[in-house]
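Novice: Pasting start.cif here (mmCIF, C-alpha atoms and all ligand atoms):
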```cif
data_final
#
loop_
_atom_site.label_atom_id
_atom_site.label_comp_id
_atom_site.auth_asym_id
_atom_site.auth_seq_id
_atom_site.Cartn_x
_atom_site.Cartn_y
_atom_site.Cartn_z
CA MET A 8 -48.79 52.90 1.10
CA PHE A 9 -46.21 55.47 2.16
CA CYS A 10 -42.84 56.28 0.67
CA GLU A 11 -39.88 54.70 2.46
CA ASN A 12 -37.77 57.77 1.81
CA CYS A 13 -40.01 60.82 2.38
CA GLY A 14 -43.02 59.18 4.05
CA LYS A 15 -45.63 60.76 1.77
CA LYS A 16 -48.69 58.82 0.61
CA ILE A 17 -48.16 57.19 -2.79
CA PRO A 18 -50.17 54.64 -4.84
CA ASP A 19 -50.06 51.12 -3.39
CA ASP A 20 -48.55 49.60 -6.53
CA ALA A 21 -46.04 52.38 -7.18
CA ALA A 22 -42.49 51.13 -7.75
CA PHE A 23 -41.10 54.64 -7.32
CA CYS A 24 -42.25 57.48 -5.07
CA THR A 25 -44.35 60.08 -6.89
CA HIS A 26 -42.95 62.84 -4.64
CA CYS A 27 -39.20 62.18 -4.30
CA GLY A 28 -38.68 59.37 -6.83
CA ALA A 29 -37.13 56.93 -4.35
CA LYS A 30 -37.41 53.27 -5.31
CA GLN A 31 -39.88 51.34 -3.11
CA MET A 32 -38.14 48.12 -2.04
CA GLY A 33 -39.69 46.68 1.11
CA THR A 34 -43.28 47.54 0.28
CA SER A 35 -43.35 46.27 -3.30
CA PRO A 36 -46.69 44.76 -4.42
CA SER A 37 -45.41 41.18 -4.08
CA ALA A 38 -44.15 41.72 -0.53
CA GLN A 39 -47.46 43.33 0.41
CA SER A 40 -49.54 40.46 -0.92
CA VAL A 41 -47.42 38.01 1.11
CA ALA A 42 -48.05 40.08 4.23
CA ARG A 43 -51.80 40.07 3.55
CA VAL A 44 -52.04 36.26 3.49
CA PRO A 45 -54.28 35.10 6.38
CA PRO A 46 -52.59 33.92 9.61
CA GLN A 47 -51.04 30.46 10.00
CA PRO A 48 -53.78 28.39 11.72
CA THR A 49 -56.27 28.58 8.85
CA ARG A 50 -53.61 27.66 6.30
CA ALA A 51 -52.29 24.80 8.41
CA SER A 52 -55.70 23.25 9.07
CA ALA A 53 -56.98 23.43 5.50
CA PRO A 54 -54.57 20.87 3.92
CA GLN A 55 -55.07 18.55 6.91
CA GLN A 56 -58.82 18.51 6.40
CA GLN A 57 -58.38 17.91 2.69
CA ALA A 58 -56.05 14.99 3.36
CA GLN A 59 -58.57 13.51 5.77
CA ALA A 60 -61.42 13.94 3.29
CA SER A 61 -59.60 12.54 0.27
CA GLY A 62 -57.30 10.04 2.00
CA SER A 63 -59.14 7.83 4.45
CA VAL A 64 -62.87 8.29 4.20
CA ASP A 65 -64.12 5.85 6.78
CA LEU A 66 -67.39 4.18 6.07
CA ILE A 67 -68.77 2.95 9.37
CA SER A 68 -69.87 -0.64 8.84
CA MET A 69 -72.97 -2.17 10.39
CA GLY A 70 -70.81 -4.13 12.84
CA GLN A 71 -69.05 -0.94 13.94
CA TYR A 72 -72.42 0.76 14.38
CA LEU A 73 -73.57 -2.16 16.54
CA ILE A 74 -70.46 -1.89 18.72
CA MET A 75 -70.92 1.86 18.96
CA PHE A 76 -74.56 1.55 20.03
CA LEU A 77 -73.68 -1.20 22.51
CA ILE A 78 -70.99 1.01 24.06
CA MET A 79 -73.47 3.92 24.09
CA ALA A 80 -75.73 1.75 26.28
CA ILE A 81 -73.04 1.40 28.97
CA PRO A 82 -72.95 4.34 31.40
CA ILE A 83 -69.62 6.15 31.94
CA ALA A 84 -67.94 3.90 29.33
CA ASN A 85 -69.97 5.63 26.62
CA ILE A 86 -68.79 9.09 27.73
CA VAL A 87 -65.17 7.89 27.89
CA MET A 88 -65.42 6.35 24.41
CA LEU A 89 -67.10 9.46 23.00
CA PHE A 90 -64.21 11.57 24.25
CA VAL A 91 -61.73 9.05 22.80
CA TRP A 92 -63.53 9.00 19.43
CA GLY A 93 -64.16 12.73 19.38
CA PHE A 94 -60.59 13.85 20.07
CA SER A 95 -58.36 11.00 18.87
CA SER A 96 -56.47 11.73 15.66
CA GLU A 97 -56.74 8.08 14.61
CA THR A 98 -60.52 8.13 14.52
CA GLY A 99 -62.07 8.64 11.10
CA PRO A 100 -64.01 11.87 10.41
CA ASN A 101 -67.41 10.16 10.36
CA LYS A 102 -67.05 8.53 13.77
CA LYS A 103 -65.38 11.68 15.14
CA ASN A 104 -68.29 13.87 14.06
CA PHE A 105 -70.77 11.33 15.41
CA ALA A 106 -68.95 11.24 18.76
CA ARG A 107 -68.76 15.04 19.01
CA ALA A 108 -72.42 15.47 18.07
CA THR A 109 -73.42 12.85 20.65
CA LEU A 110 -71.26 14.56 23.30
CA ILE A 111 -72.92 17.91 22.56
CA MET A 112 -76.34 16.27 22.75
CA MET A 113 -75.40 14.71 26.09
CA ALA A 114 -74.10 18.05 27.39
CA ILE A 115 -77.36 19.73 26.35
CA GLY A 116 -79.36 16.90 27.92
CA ILE A 117 -77.43 17.12 31.19
CA GLY A 118 -77.70 20.92 31.18
CA VAL A 119 -81.46 20.82 30.60
CA GLY A 120 -81.80 18.07 33.19
CA ILE A 121 -79.96 20.11 35.83
CA LEU A 122 -82.01 23.19 34.92
CA VAL A 123 -85.31 21.29 35.17
CA SER A 124 -84.32 19.71 38.50
CA ILE A 125 -83.34 23.14 39.91
CA VAL A 126 -86.68 24.60 38.78
CA MET A 127 -88.54 21.60 40.21
CA ALA A 128 -86.63 21.89 43.49
CA ALA A 129 -87.44 25.60 43.67
CA ILE A 130 -91.14 24.92 43.00
CA MET A 131 -91.19 22.13 45.59
CA ALA A 132 -89.42 24.34 48.12
CA SER A 133 -91.91 27.16 47.60
CA ILE A 134 -94.86 24.76 47.89
CA MET A 135 -93.38 23.23 51.04
CA SER A 136 -92.70 26.61 52.62
CA THR A 137 -96.22 27.90 51.92
CA MET A 138 -97.63 24.66 53.35
CA TYR A 139 -95.63 25.10 56.54
CA TYR A 140 -96.68 28.72 56.91
CA TYR A 141 -100.40 27.92 56.83
ZN ZN B 201 -40.78 59.74 -1.41
#
```
Could you rewrite the structure in this file as structure tokens?
Specialist:
Amino acid sequence: MFCENCGKKIPDDAAFCTHCGAKQMGTSPSAQSVARVPPQPTRASAPQQQAQASGSVDLISMGQYLIMFLIMAIPIANIVMLFVWGFSSETGPNKKNFARATLIMMAIGIGVGILVSIVMAAIMASIMSTMYYY
């Protein structure tokens, strides 16, 4: 750190400046350590996750699983419910993680599906065009 009075470089934990002897108030070790604490979001989210983990660990019962799989079989409704489960604060962590994982799987599936159909369309178009040219 640097001296508040003369601005010269002094040891980080120095209470007094080694050059001019001025007392270091604002940049005392304790104040520095407070400033070095990581930013707010990580601190705010950590206790929340702990509360969720220790407080209400939801075991998904067989009946709930049945309902979930039944809903998963209904088009559109399953996507809506996955979004509800994945982003609702009331949903337990197990179901939330399940919903998010399923959503990601669906997104990958849709993405791959679109990609495959584009490739297929391109192949078909090239075959068709060569057939017309001959
Ligand atoms: Zn100084």
Novice: At a cut-off of 9 Å, using all atoms listed in the file, what residues contact Val91 of chain A? Leave out same-chain residues fewer than 5 positions from it and give the result as a list in words.
Specialist: Ile86, Thr98, Lys103 and Ala106 of chain A
Novice: So which residues fall inside 12 Å of (-74.6, 13.4, 29.2) if we count only C-alpha atoms? Mind giving them as number ranges by chain?
Specialist: A: 79, 82-87, 89-90, 107-121
Novice: With all atoms listed in the file counted, collect every polymer residue having an atom within 6 Å of ligand ZN 201 (chain B); state the result as a PyMOL selection string.
Specialist: chain A and resi 10+12-15+24+26-29
Novice: List the spatial neighbours of Phe23 of chain A as a count of residues only - criterion: any atom at most 10 Å away, all atoms listed in the file, same-chain residues fewer than 6 positions off excluded.
Specialist: 8
Novice: Between atom CA of Leu66 of chain A and atom CA of Gly93 of chain A, what is the distance in Å, rounded to a tenth?
Specialist: 16.1 Å
Novice: Mind giving me the straight-line distance from atom CA of Leu122 of chain A to atom CA of Phe94 of chain A in Å, one decimal?
Specialist: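 Going from atom CA of Leu122 of chain A over to atom CA of Phe94 of chain A covers 27.7 Å.
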Novice: Hey, can you check how far atom CA of Phe105 of chain A sits from atom CA of Met88 of chain A?
Specialist: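 Separation of atom CA of Phe105 of chain A and atom CA of Met88 of chain A: 11.6 Å.
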